[in-house]
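Undergrad: Just so it is clear, I am handing over upload_23.csv, which has CSV, C-alpha atoms.
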chain,number,residue,atom,x,y,z
Q,1,MET,CA,-72.6,63.9,15.7
Q,2,THR,CA,-71.9,60.3,14.9
Q,3,ARG,CA,-69.0,58.5,16.5
Q,4,SER,CA,-67.1,58.1,13.2
Q,5,ALA,CA,-67.5,61.8,12.4
Q,6,ARG,CA,-66.2,62.7,15.8
Q,7,ILE,CA,-63.2,60.4,15.5
Q,8,ILE,CA,-62.3,61.9,12.0
Q,9,LEU,CA,-62.6,65.4,13.3
Q,10,CYS,CA,-60.5,64.6,16.4
Q,11,ALA,CA,-57.8,62.9,14.3
Q,12,ALA,CA,-57.5,66.0,12.1
Q,13,GLY,CA,-57.2,68.2,15.2
Q,14,LEU,CA,-54.7,65.9,16.8
Q,15,ALA,CA,-52.6,65.9,13.6
Q,16,GLY,CA,-52.5,69.7,13.9
Q,17,LEU,CA,-51.6,69.4,17.6
Q,18,VAL,CA,-48.8,67.0,16.8
Q,19,ALA,CA,-47.4,69.3,14.2
Q,20,LEU,CA,-47.5,72.2,16.7
Q,21,LEU,CA,-45.8,70.2,19.4
Q,22,ALA,CA,-43.1,68.9,17.0
Q,23,TRP,CA,-42.4,72.4,16.1
Q,24,GLY,CA,-42.1,73.3,19.8
Q,25,VAL,CA,-39.9,70.3,20.6
Q,26,ALA,CA,-37.6,71.1,17.7
Q,27,GLY,CA,-36.8,74.4,19.6
Q,28,LEU,CA,-36.0,72.6,22.8
Q,29,GLU,CA,-32.4,71.7,23.9
Q,30,PRO,CA,-31.6,68.1,23.1
Q,31,PHE,CA,-32.4,65.6,25.8
Q,32,GLY,CA,-29.8,65.7,28.6
Q,33,HIS,CA,-28.6,69.2,27.8
Q,34,TYR,CA,-30.5,71.0,30.6
Q,35,PRO,CA,-30.5,74.8,29.7
Q,36,GLY,CA,-31.1,76.0,33.3
Q,37,PRO,CA,-30.9,78.3,35.1
Q,38,TYR,CA,-33.4,77.7,37.9
Q,39,GLY,CA,-32.5,74.1,38.7
Q,40,THR,CA,-28.8,74.9,38.8
Q,41,VAL,CA,-29.2,77.9,40.9
Q,42,LEU,CA,-31.5,76.1,43.4
Q,43,ASN,CA,-29.2,73.2,43.7
Q,44,SER,CA,-26.3,75.4,44.6
Q,45,VAL,CA,-28.1,77.9,46.9
Q,46,GLU,CA,-30.7,75.7,48.7
Q,47,PRO,CA,-28.2,73.9,51.0
Q,48,HIS,CA,-27.0,77.3,52.3
Q,49,GLU,CA,-30.4,79.0,52.3
Q,50,ARG,CA,-32.6,76.2,53.8
Q,51,HIS,CA,-30.3,73.5,55.0
Q,52,ALA,CA,-32.6,70.7,53.7
Q,53,ALA,CA,-30.6,67.9,52.0
Q,54,ASN,CA,-33.5,67.0,49.6
Q,55,VAL,CA,-33.8,70.0,47.3
Q,56,VAL,CA,-37.0,68.6,45.7
Q,57,SER,CA,-38.8,68.8,49.1
Q,58,ALA,CA,-37.4,72.3,49.7
Q,59,VAL,CA,-38.9,73.3,46.3
Q,60,VAL,CA,-42.3,71.6,47.1
Q,61,PHE,CA,-42.7,73.0,50.6
Q,62,ASP,CA,-40.8,76.3,50.5
Q,63,TYR,CA,-39.6,77.9,47.2
Q,64,ARG,CA,-42.8,76.8,45.4
Q,65,GLY,CA,-45.0,76.5,48.5
Q,66,VAL,CA,-47.8,78.6,47.1
Q,67,ASP,CA,-48.0,76.3,44.1
Q,68,THR,CA,-48.1,73.2,46.4
Q,69,LEU,CA,-50.9,74.9,48.4
Q,70,GLY,CA,-52.8,75.2,45.1
Q,71,GLU,CA,-52.2,71.5,44.4
Q,72,GLU,CA,-53.3,70.5,47.9
Q,73,LEU,CA,-56.5,72.5,47.4
Q,74,ILE,CA,-57.2,70.7,44.1
Q,75,LEU,CA,-56.6,67.4,46.0
Q,76,PHE,CA,-58.9,68.5,48.8
Q,77,GLY,CA,-61.6,69.7,46.3
Q,78,ALA,CA,-61.4,66.4,44.3
Q,79,VAL,CA,-61.8,64.3,47.4
Q,80,MET,CA,-64.7,66.4,48.8
Q,81,GLY,CA,-66.4,66.2,45.4
Q,82,LEU,CA,-66.0,62.4,45.4
Q,83,ALA,CA,-67.4,62.2,49.0
Q,84,PHE,CA,-70.4,64.4,48.1
Q,85,LEU,CA,-71.1,62.3,45.0
Q,86,LEU,CA,-70.8,58.9,46.6
Q,87,ARG,CA,-72.5,59.8,49.9
Q,88,GLU,CA,-75.7,61.0,48.1
Q,89,ASN,CA,-78.6,58.5,48.5
Q,90,ARG,CA,-76.4,55.8,49.9
Q,91,GLU,CA,-78.1,52.8,51.5
Q,92,GLU,CA,-76.7,52.9,55.0
Q,93,ASN,CA,-77.6,49.3,55.8
Q,94,THR,CA,-74.5,47.2,55.3
Q,95,ARG,CA,-74.9,45.0,58.4
Q,96,GLY,CA,-75.3,41.7,56.5
Q,97,VAL,CA,-72.2,42.1,54.4
Q,98,ARG,CA,-69.5,39.4,54.9
Q,99,ASP,CA,-66.2,39.8,53.1
Q,100,ARG,CA,-63.7,38.2,55.3
Q,101,VAL,CA,-60.7,36.8,53.5
Q,102,PRO,CA,-61.0,33.0,53.8
Q,103,SER,CA,-57.3,32.1,53.8
Q,104,GLU,CA,-55.8,32.1,57.3
Q,105,ALA,CA,-52.2,32.3,55.8
Q,106,LEU,CA,-53.0,35.3,53.7
Q,107,ARG,CA,-54.7,37.0,56.7
Q,108,ALA,CA,-51.6,36.4,58.9
Q,109,VAL,CA,-49.0,37.6,56.4
Q,110,GLY,CA,-51.1,40.5,55.3
Q,111,LEU,CA,-51.8,41.8,58.7
Q,112,VAL,CA,-48.2,41.5,59.8
Q,113,ALA,CA,-47.4,43.7,56.7
Q,114,VAL,CA,-49.7,46.4,57.9
Q,115,PRO,CA,-47.5,47.9,60.7
Q,116,VAL,CA,-44.4,47.4,58.5
Q,117,VAL,CA,-46.0,49.5,55.7
Q,118,VAL,CA,-47.3,52.2,58.0
Q,119,LEU,CA,-43.9,52.4,59.7
Q,120,LEU,CA,-42.2,52.7,56.3
Q,121,ALA,CA,-44.7,55.4,55.4
Q,122,LEU,CA,-44.0,57.4,58.6
Q,123,ASP,CA,-40.3,57.1,57.8
Q,124,LEU,CA,-40.8,58.4,54.3
Q,125,VAL,CA,-42.6,61.4,55.7
Q,126,ALA,CA,-40.3,62.0,58.6
Q,127,HIS,CA,-37.1,62.0,56.5
Q,128,GLY,CA,-38.8,63.5,53.5
Q,129,TYR,CA,-36.6,66.6,53.4
Q,130,LEU,CA,-33.4,64.7,54.0
Q,131,THR,CA,-33.6,61.6,51.8
Q,132,PRO,CA,-35.9,60.6,48.9
Q,133,GLY,CA,-39.5,60.8,50.2
Q,134,GLY,CA,-41.8,63.5,51.6
Q,135,GLY,CA,-45.4,64.1,52.7
Q,136,PHE,CA,-46.9,63.3,49.3
Q,137,GLN,CA,-45.1,59.9,48.8
Q,138,GLY,CA,-45.3,58.9,52.5
Q,139,GLY,CA,-49.0,59.9,52.6
Q,140,VAL,CA,-49.9,57.5,49.8
Q,141,ALA,CA,-47.8,54.7,51.4
Q,142,ALA,CA,-49.6,55.2,54.8
Q,143,ALA,CA,-53.0,55.0,53.0
Q,144,ALA,CA,-51.8,51.8,51.3
Q,145,GLY,CA,-51.0,50.4,54.8
Q,146,LEU,CA,-54.6,50.9,55.9
Q,147,LEU,CA,-55.9,49.4,52.6
Q,148,LEU,CA,-54.0,46.3,53.5
Q,149,VAL,CA,-56.3,45.8,56.4
Q,150,TYR,CA,-59.1,45.4,53.9
Q,151,LEU,CA,-57.2,43.3,51.4
Q,152,ALA,CA,-55.9,40.8,54.0
Q,153,GLY,CA,-58.6,41.1,56.7
Q,154,ASP,CA,-62.0,42.5,56.0
Q,155,TRP,CA,-63.7,45.7,55.1
Q,156,ARG,CA,-65.3,46.2,58.6
Q,157,ALA,CA,-61.8,46.0,60.2
Q,158,MET,CA,-60.6,48.7,57.9
Q,159,ARG,CA,-63.6,50.9,58.6
Q,160,HIS,CA,-62.9,50.3,62.3
Q,161,ALA,CA,-59.2,51.2,61.9
Q,162,GLY,CA,-60.0,54.4,60.0
Q,163,PRO,CA,-63.6,55.6,60.9
Q,164,LEU,CA,-64.9,58.1,58.3
Q,165,PRO,CA,-65.4,61.1,60.8
Q,166,VAL,CA,-61.8,60.7,61.9
Q,167,VAL,CA,-60.5,60.6,58.3
Q,168,ASP,CA,-62.7,63.6,57.4
Q,169,ALA,CA,-61.2,65.5,60.3
Q,170,ALA,CA,-57.6,64.5,59.4
Q,171,GLU,CA,-58.1,65.6,55.8
Q,172,ALA,CA,-59.4,69.0,56.9
Q,173,ALA,CA,-56.6,69.3,59.5
Q,174,GLY,CA,-53.9,68.6,56.9
Q,175,ALA,CA,-55.3,71.1,54.4
Q,176,SER,CA,-55.9,73.8,57.0
Q,177,GLY,CA,-52.5,73.1,58.7
Q,178,PHE,CA,-50.7,74.1,55.4
Q,179,LEU,CA,-52.9,77.3,55.2
Q,180,ILE,CA,-52.2,78.1,58.9
Q,181,VAL,CA,-48.4,77.8,58.3
Q,182,GLY,CA,-48.8,80.1,55.3
Q,183,PHE,CA,-50.9,82.8,57.1
Q,184,ALA,CA,-48.9,82.6,60.3
Q,185,THR,CA,-45.7,83.4,58.4
Q,186,LEU,CA,-47.6,86.0,56.4
Q,187,ILE,CA,-48.5,87.8,59.6
Q,188,ALA,CA,-45.1,87.4,61.2
Q,189,SER,CA,-43.0,88.4,58.3
Q,190,GLY,CA,-45.1,89.9,55.5
Q,191,ALA,CA,-44.5,87.0,53.1
Q,192,PHE,CA,-46.7,83.9,52.6
Q,193,LEU,CA,-44.8,80.7,53.6
Q,194,GLU,CA,-41.7,82.7,54.5
Q,195,ASN,CA,-39.2,80.3,56.2
Q,196,LEU,CA,-39.1,81.8,59.7
Q,197,LEU,CA,-38.2,78.9,62.0
Q,198,PRO,CA,-34.5,78.1,62.9
Q,199,LEU,CA,-32.9,76.3,59.9
Q,200,GLY,CA,-30.9,73.8,62.0
Q,201,THR,CA,-27.9,71.7,60.8
Q,202,PHE,CA,-27.8,70.4,57.2
Q,203,GLY,CA,-28.7,66.7,57.1
Q,204,LYS,CA,-30.4,66.6,60.5
Q,205,LEU,CA,-34.1,66.0,61.3
Q,206,THR,CA,-34.3,69.5,62.8
Q,207,SER,CA,-33.2,71.2,59.6
Q,208,GLY,CA,-35.3,73.0,57.1
Q,209,GLY,CA,-37.3,75.5,59.3
Q,210,THR,CA,-40.9,75.5,58.2
Q,211,ILE,CA,-40.3,72.7,55.6
Q,212,PRO,CA,-40.9,69.8,58.1
Q,213,VAL,CA,-44.1,71.4,59.4
Q,214,ALA,CA,-45.6,71.8,55.9
Q,215,ASN,CA,-44.3,68.3,55.0
Q,216,TRP,CA,-46.2,66.7,57.9
Q,217,CYS,CA,-49.4,68.7,57.0
Q,218,ALA,CA,-49.1,67.4,53.4
Q,219,GLY,CA,-48.5,63.8,54.7
Q,220,LEU,CA,-51.6,64.0,56.9
Q,221,GLU,CA,-53.8,65.5,54.1
Q,222,VAL,CA,-52.6,63.1,51.4
Q,223,SER,CA,-52.9,59.9,53.6
Q,224,ALA,CA,-56.4,61.0,54.8
Q,225,ALA,CA,-57.4,61.8,51.2
Q,226,PHE,CA,-56.5,58.3,49.9
Q,227,VAL,CA,-58.0,56.5,52.9
Q,228,LEU,CA,-61.2,58.5,52.2
Q,229,ILE,CA,-61.2,57.5,48.6
Q,230,PHE,CA,-60.8,53.8,49.5
Q,231,LEU,CA,-63.5,54.0,52.1
Q,232,GLU,CA,-66.0,55.7,50.0
Q,233,PHE,CA,-65.6,53.3,47.0
Q,234,LEU,CA,-65.7,50.3,49.4
Q,235,GLU,CA,-68.8,51.6,51.1
Q,236,GLU,CA,-70.4,51.9,47.7
Q,237,ILE,CA,-69.5,48.3,46.8
Q,238,MET,CA,-70.7,46.9,50.1
Q,239,ALA,CA,-74.0,48.8,50.0
Q,240,GLU,CA,-74.6,47.4,46.5
Q,241,ARG,CA,-73.8,43.8,47.7
Q,242,GLU,CA,-76.2,44.2,50.6
Q,243,ALA,CA,-78.9,45.4,48.2
Q,244,LYS,CA,-78.6,42.2,46.1
P,1,MET,CA,-32.2,59.5,20.1
P,2,THR,CA,-31.8,62.9,21.7
P,3,TYR,CA,-35.5,63.8,21.1
P,4,ALA,CA,-37.0,60.4,21.9
P,5,PRO,CA,-38.3,61.4,25.4
P,6,TYR,CA,-40.1,64.4,24.0
P,7,ALA,CA,-41.6,62.3,21.3
P,8,LEU,CA,-42.8,59.9,24.0
P,9,ALA,CA,-44.4,62.8,25.9
P,10,VAL,CA,-46.2,63.9,22.7
P,11,TRP,CA,-47.3,60.4,22.0
P,12,LEU,CA,-48.8,59.8,25.4
P,13,LEU,CA,-50.7,63.1,25.3
P,14,VAL,CA,-52.1,62.5,21.8
P,15,ALA,CA,-52.9,58.8,22.6
P,16,GLY,CA,-54.7,59.9,25.8
P,17,LEU,CA,-56.7,62.7,24.0
P,18,PHE,CA,-57.7,60.4,21.2
P,19,GLY,CA,-58.8,57.8,23.8
P,20,ILE,CA,-61.0,60.4,25.5
P,21,VAL,CA,-62.8,61.3,22.3
P,22,ALA,CA,-63.1,57.8,21.0
P,23,SER,CA,-64.1,56.2,24.4
P,24,LYS,CA,-67.1,54.0,24.7
P,25,ASN,CA,-66.8,53.5,28.4
P,26,LEU,CA,-66.6,56.1,31.2
P,27,ILE,CA,-64.0,54.1,33.2
P,28,HIS,CA,-61.8,53.8,30.1
P,29,LEU,CA,-62.3,57.5,29.6
P,30,ALA,CA,-61.0,58.4,33.1
P,31,LEU,CA,-58.0,56.2,32.5
P,32,CYS,CA,-57.3,58.0,29.2
P,33,VAL,CA,-57.2,61.3,31.1
P,34,THR,CA,-54.4,59.8,33.3
P,35,VAL,CA,-52.6,58.6,30.2
P,36,ALA,CA,-52.7,62.1,28.7
P,37,GLN,CA,-51.6,63.5,32.0
P,38,SER,CA,-48.6,61.2,32.2
P,39,GLY,CA,-47.3,62.8,28.9
P,40,THR,CA,-46.8,66.0,30.9
P,41,TYR,CA,-44.7,64.1,33.5
P,42,VAL,CA,-42.4,62.7,30.8
P,43,LEU,CA,-42.0,66.1,29.3
P,44,LEU,CA,-41.2,67.8,32.6
P,45,LEU,CA,-38.7,65.2,33.7
P,46,ALA,CA,-37.1,65.1,30.2
P,47,ILE,CA,-36.6,68.9,30.2
P,48,GLY,CA,-35.0,68.8,33.7
P,49,TYR,CA,-32.6,65.9,32.9
P,50,ARG,CA,-28.9,66.5,32.6
P,51,LYS,CA,-26.3,64.0,31.4
P,52,HIS,CA,-24.1,62.4,34.1
P,53,ALA,CA,-26.1,64.1,36.9
P,54,THR,CA,-27.5,62.7,40.1
P,55,ALA,CA,-30.8,63.2,41.9
P,56,PRO,CA,-31.0,66.7,43.6
P,57,ILE,CA,-30.7,65.1,47.1
P,58,PHE,CA,-27.4,65.8,48.8
P,59,SER,CA,-27.7,63.6,51.9
P,60,ASP,CA,-24.9,61.3,50.9
P,61,VAL,CA,-23.3,62.9,47.8
P,62,PRO,CA,-21.1,66.0,47.9
P,63,ARG,CA,-23.1,69.3,47.4
P,64,SER,CA,-20.9,70.1,44.4
P,65,ARG,CA,-22.1,67.1,42.5
P,66,ARG,CA,-24.0,67.9,39.3
P,67,ALA,CA,-27.7,67.3,39.8
P,68,VAL,CA,-30.9,67.4,37.7
P,69,ASP,CA,-33.5,70.1,38.0
P,70,PRO,CA,-35.4,69.8,41.3
P,71,VAL,CA,-38.2,72.2,40.1
P,72,VAL,CA,-39.7,69.9,37.5
P,73,GLN,CA,-39.4,66.9,39.8
P,74,ALA,CA,-41.3,68.8,42.5
P,75,LEU,CA,-44.1,69.6,39.9
P,76,THR,CA,-44.2,66.0,38.8
P,77,LEU,CA,-44.4,64.4,42.2
P,78,THR,CA,-47.2,66.6,43.5
P,79,ASP,CA,-49.1,66.2,40.3
P,80,ILE,CA,-48.9,62.4,40.3
P,81,VAL,CA,-50.6,62.3,43.7
P,82,VAL,CA,-53.1,65.1,42.9
P,83,GLY,CA,-53.9,63.6,39.5
P,84,LEU,CA,-54.8,60.3,41.1
P,85,THR,CA,-57.4,62.0,43.3
P,86,VAL,CA,-58.9,63.7,40.3
P,87,ALA,CA,-59.0,60.3,38.5
P,88,ALA,CA,-60.9,59.0,41.6
P,89,LEU,CA,-63.4,61.9,41.3
P,90,LEU,CA,-64.0,61.0,37.6
P,91,LEU,CA,-64.5,57.3,38.5
P,92,ALA,CA,-67.0,58.4,41.2
P,93,GLN,CA,-68.9,60.3,38.5
P,94,ALA,CA,-68.9,57.2,36.3
P,95,VAL,CA,-70.4,55.2,39.3
P,96,LYS,CA,-73.1,57.8,39.6
P,97,ALA,CA,-73.8,58.0,35.9
P,98,HIS,CA,-74.2,54.2,35.8
P,99,GLU,CA,-76.5,54.4,38.8
P,100,HIS,CA,-78.8,56.9,37.2
P,101,THR,CA,-78.8,55.7,33.6
P,102,GLY,CA,-77.7,52.1,33.7
P,103,THR,CA,-75.0,52.6,31.1
P,104,LEU,CA,-71.3,53.5,31.0
P,105,ASP,CA,-71.3,54.5,27.3
P,106,PRO,CA,-70.9,58.3,27.1
P,107,ALA,CA,-72.8,58.3,23.8
P,108,GLU,CA,-75.9,56.9,25.5
P,109,LEU,CA,-76.0,59.5,28.2
P,110,ARG,CA,-78.8,61.8,27.1
P,111,GLU,CA,-77.2,64.9,28.5
P,112,MET,CA,-74.1,64.3,26.4
P,113,GLN,CA,-75.9,64.1,23.1
P,114,GLY,CA,-75.9,67.2,20.9
Rewrite the structure of this file - the entire thing - as structure tokens.

TA:
Amino acid sequence: MTRSARIILCAAGLAGLVALLAWGVAGLEPFGHYPGPYGTVLNSVEPHERHAANVVSAVVFDYRGVDTLGEELILFGAVMGLAFLLRENREENTRGVRDRVPSEALRAVGLVAVPVVVLLALDLVAHGYLTPGGGFQGGVAAAAGLLLVYLAGDWRAMRHAGPLPVVDAAEAAGASGFLIVGFATLIASGAFLENLLPLGTFGKLTSGGTIPVANWCAGLEVSAAFVLIFLEFLEEIMAEREAK
Amino acid sequence: MTYAPYALAVWLLVAGLFGIVASKNLIHLALCVTVAQSGTYVLLLAIGYRKHATAPIFSDVPRSRRAVDPVVQALTLTDIVVGLTVAALLLAQAVKAHEHTGTLDPAELREMQG
């Protein structure tokens, strides 16, 4: 099929899709008139049932924990697929590669920012079920902290700070940690991800029962996943540079 | 204006899908997938929004305060992160396709012709 024929066919299909979606949207409540009831119910019962101040985190790691486990496994599968693809036939010889950032000022400011970003990321994860944040957001921020080592310093320093075998293991530990929490509660209570641990006081770090555990597992998995993505692509670039 | 966010969601989805079909470059194609995906985020968040409501986080507002739907926020936040890793996987496939065939144009990949 030629490109123009494909585009015409696609445009016709999309016109149909737009008509269908417009029909569907016309049946929705106008913007701002939330019909409920799930969000309203959760917002009123969650503080009593789970004692976590951040209802979104309680939904992610408890009420819809099974769904989050599915998402985590997609993330795990995608990152494993990426590693399999990029590690195939890779030239391991990258000894001659030099990519040190030449500006001393940039290096100094950038490397000072690394601990600040990592600390902020840990704070995001640690208070994820109390204030805005959580394992997913904090995990990405932590990975960005390590990426700063490359951006401000050099690639070898980043690889040294997060060696691939360690990152692989962290990724697997995060994914299996979530599964272990699920199966442990399944054995103990008969329900997957049932919140068994003491719920603690509302608004305190010790609140939420199993939510903090699942939250830290997600933080570990997400940060490891992003570090792995950065490392694999960088390794690919450096191997190519060495080959030239 | 009460339907504008839904129209934006439909626009993002359709623009992304059209970009995927019309794409001449695998990297552009992977980014079009993320554009189409972001339409679902806008739709979810628009459905959960309530007028004069706060975020569903009660650390420093009274628990009786009206808040938006936490379920759609939870779906969106996990999917933004997971969607990025899927985009990374697509980009890795683009790298490999370029390595094996020397082109990023999907039309020039022999396996894609039909």

Undergrad: Can you work out which one of Q:Val55, Q:Ala161, Q:Leu186, Q:Ala152 has the shortest atom-to-atom distance to Q:Leu130, counting all atoms listed in the file?

TA: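 Of all the options, Q:Val55 lies closest to Q:Leu130.
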
Undergrad: Using all atoms listed in the file, what does the table of chain P residues within 6 Å of chain Q look like, with each row giving the shortest atom pair and its distance in Å to one decimal, sorted by chain and ascending number, as JSON lines?

TA:
{"residue": "P:Thr2", "atom": "CA", "partner": "Q:Phe31", "partner_atom": "CA", "distance": 4.9}
{"residue": "P:Tyr3", "atom": "CA", "partner": "Q:Phe31", "partner_atom": "CA", "distance": 5.9}
{"residue": "P:Gly48", "atom": "CA", "partner": "Q:Tyr34", "partner_atom": "CA", "distance": 5.9}
{"residue": "P:Tyr49", "atom": "CA", "partner": "Q:Gly32", "partner_atom": "CA", "distance": 5.1}
{"residue": "P:Arg50", "atom": "CA", "partner": "Q:Gly32", "partner_atom": "CA", "distance": 4.2}
{"residue": "P:Lys51", "atom": "CA", "partner": "Q:Gly32", "partner_atom": "CA", "distance": 4.8}
{"residue": "P:Pro56", "atom": "CA", "partner": "Q:Val55", "partner_atom": "CA", "distance": 5.7}
{"residue": "P:Ile57", "atom": "CA", "partner": "Q:Asn54", "partner_atom": "CA", "distance": 4.2}
{"residue": "P:Phe58", "atom": "CA", "partner": "Q:Ala53", "partner_atom": "CA", "distance": 5.0}
{"residue": "P:Ser59", "atom": "CA", "partner": "Q:Ala53", "partner_atom": "CA", "distance": 5.2}
{"residue": "P:Asp69", "atom": "CA", "partner": "Q:Gly39", "partner_atom": "CA", "distance": 4.2}
{"residue": "P:Pro70", "atom": "CA", "partner": "Q:Val56", "partner_atom": "CA", "distance": 4.8}
{"residue": "P:Ala74", "atom": "CA", "partner": "Q:Val56", "partner_atom": "CA", "distance": 5.4}
{"residue": "P:Val82", "atom": "CA", "partner": "Q:Leu75", "partner_atom": "CA", "distance": 5.2}
{"residue": "P:Val86", "atom": "CA", "partner": "Q:Ala78", "partner_atom": "CA", "distance": 5.4}
{"residue": "P:Leu89", "atom": "CA", "partner": "Q:Leu82", "partner_atom": "CA", "distance": 4.9}
{"residue": "P:Ala92", "atom": "CA", "partner": "Q:Leu82", "partner_atom": "CA", "distance": 5.9}

Undergrad: Show which residues sit within 9 Å of P:Ala15, as a PyMOL selection string. Count only C-alpha atoms, and ignore same-chain residues fewer than 5 positions away.

TA: chain P and resi 10+20+32+35-36

Undergrad: Using atom CA of Q:Gly24 and atom CA of P:Ala55 as the two end points, give the distance in Å to one decimal.

TA: 26.8 Å

Undergrad: Quick one: distance from atom CA of Q:Leu119 to atom CA of Q:Leu193 in Å, one decimal?

TA: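 That distance, rounded to one decimal, is 29.0 Å.
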
Undergrad: One number please: atom CA of Q:Ser176 to atom CA of Q:Gly133, in Å, one decimal.

TA: 22.0 Å

Undergrad: Can you tell me, as a PDB file with C-alpha atoms, in the frame of the given file, what residues are no more than 9 Å from Q:Val101 when counting all atoms listed in the file, ignoring any on the same chain fewer than 6 positions away?

TA:
ATOM      1  CA  ARG Q 107     -54.700  37.000  56.700  1.00  0.00           C
ATOM      2  CA  TYR Q 150     -59.100  45.400  53.900  1.00  0.00           C
ATOM      3  CA  LEU Q 151     -57.200  43.300  51.400  1.00  0.00           C
ATOM      4  CA  ALA Q 152     -55.900  40.800  54.000  1.00  0.00           C
ATOM      5  CA  GLY Q 153     -58.600  41.100  56.700  1.00  0.00           C
ATOM      6  CA  ASP Q 154     -62.000  42.500  56.000  1.00  0.00           C
TER       7      ASP Q 154
END

Undergrad: Neighbouring residues of stretch 169-175 of chain Q were defined as those with any atom within 7 Å, considering only C-alpha atoms; residues of the same chain fewer than 4 positions away were excluded. Please report them as number ranges by chain.

TA: Q: 72, 165, 179, 217-218, 220-221, 224-225

Undergrad: Looking at all atoms listed in the file, which of P:Leu26, P:Ile80, P:Phe18, P:Tyr6 is the one that sits closest to P:Ala107?

TA: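 Looking only at the distances to P:Ala107, the closest residue turns out to be P:Leu26.
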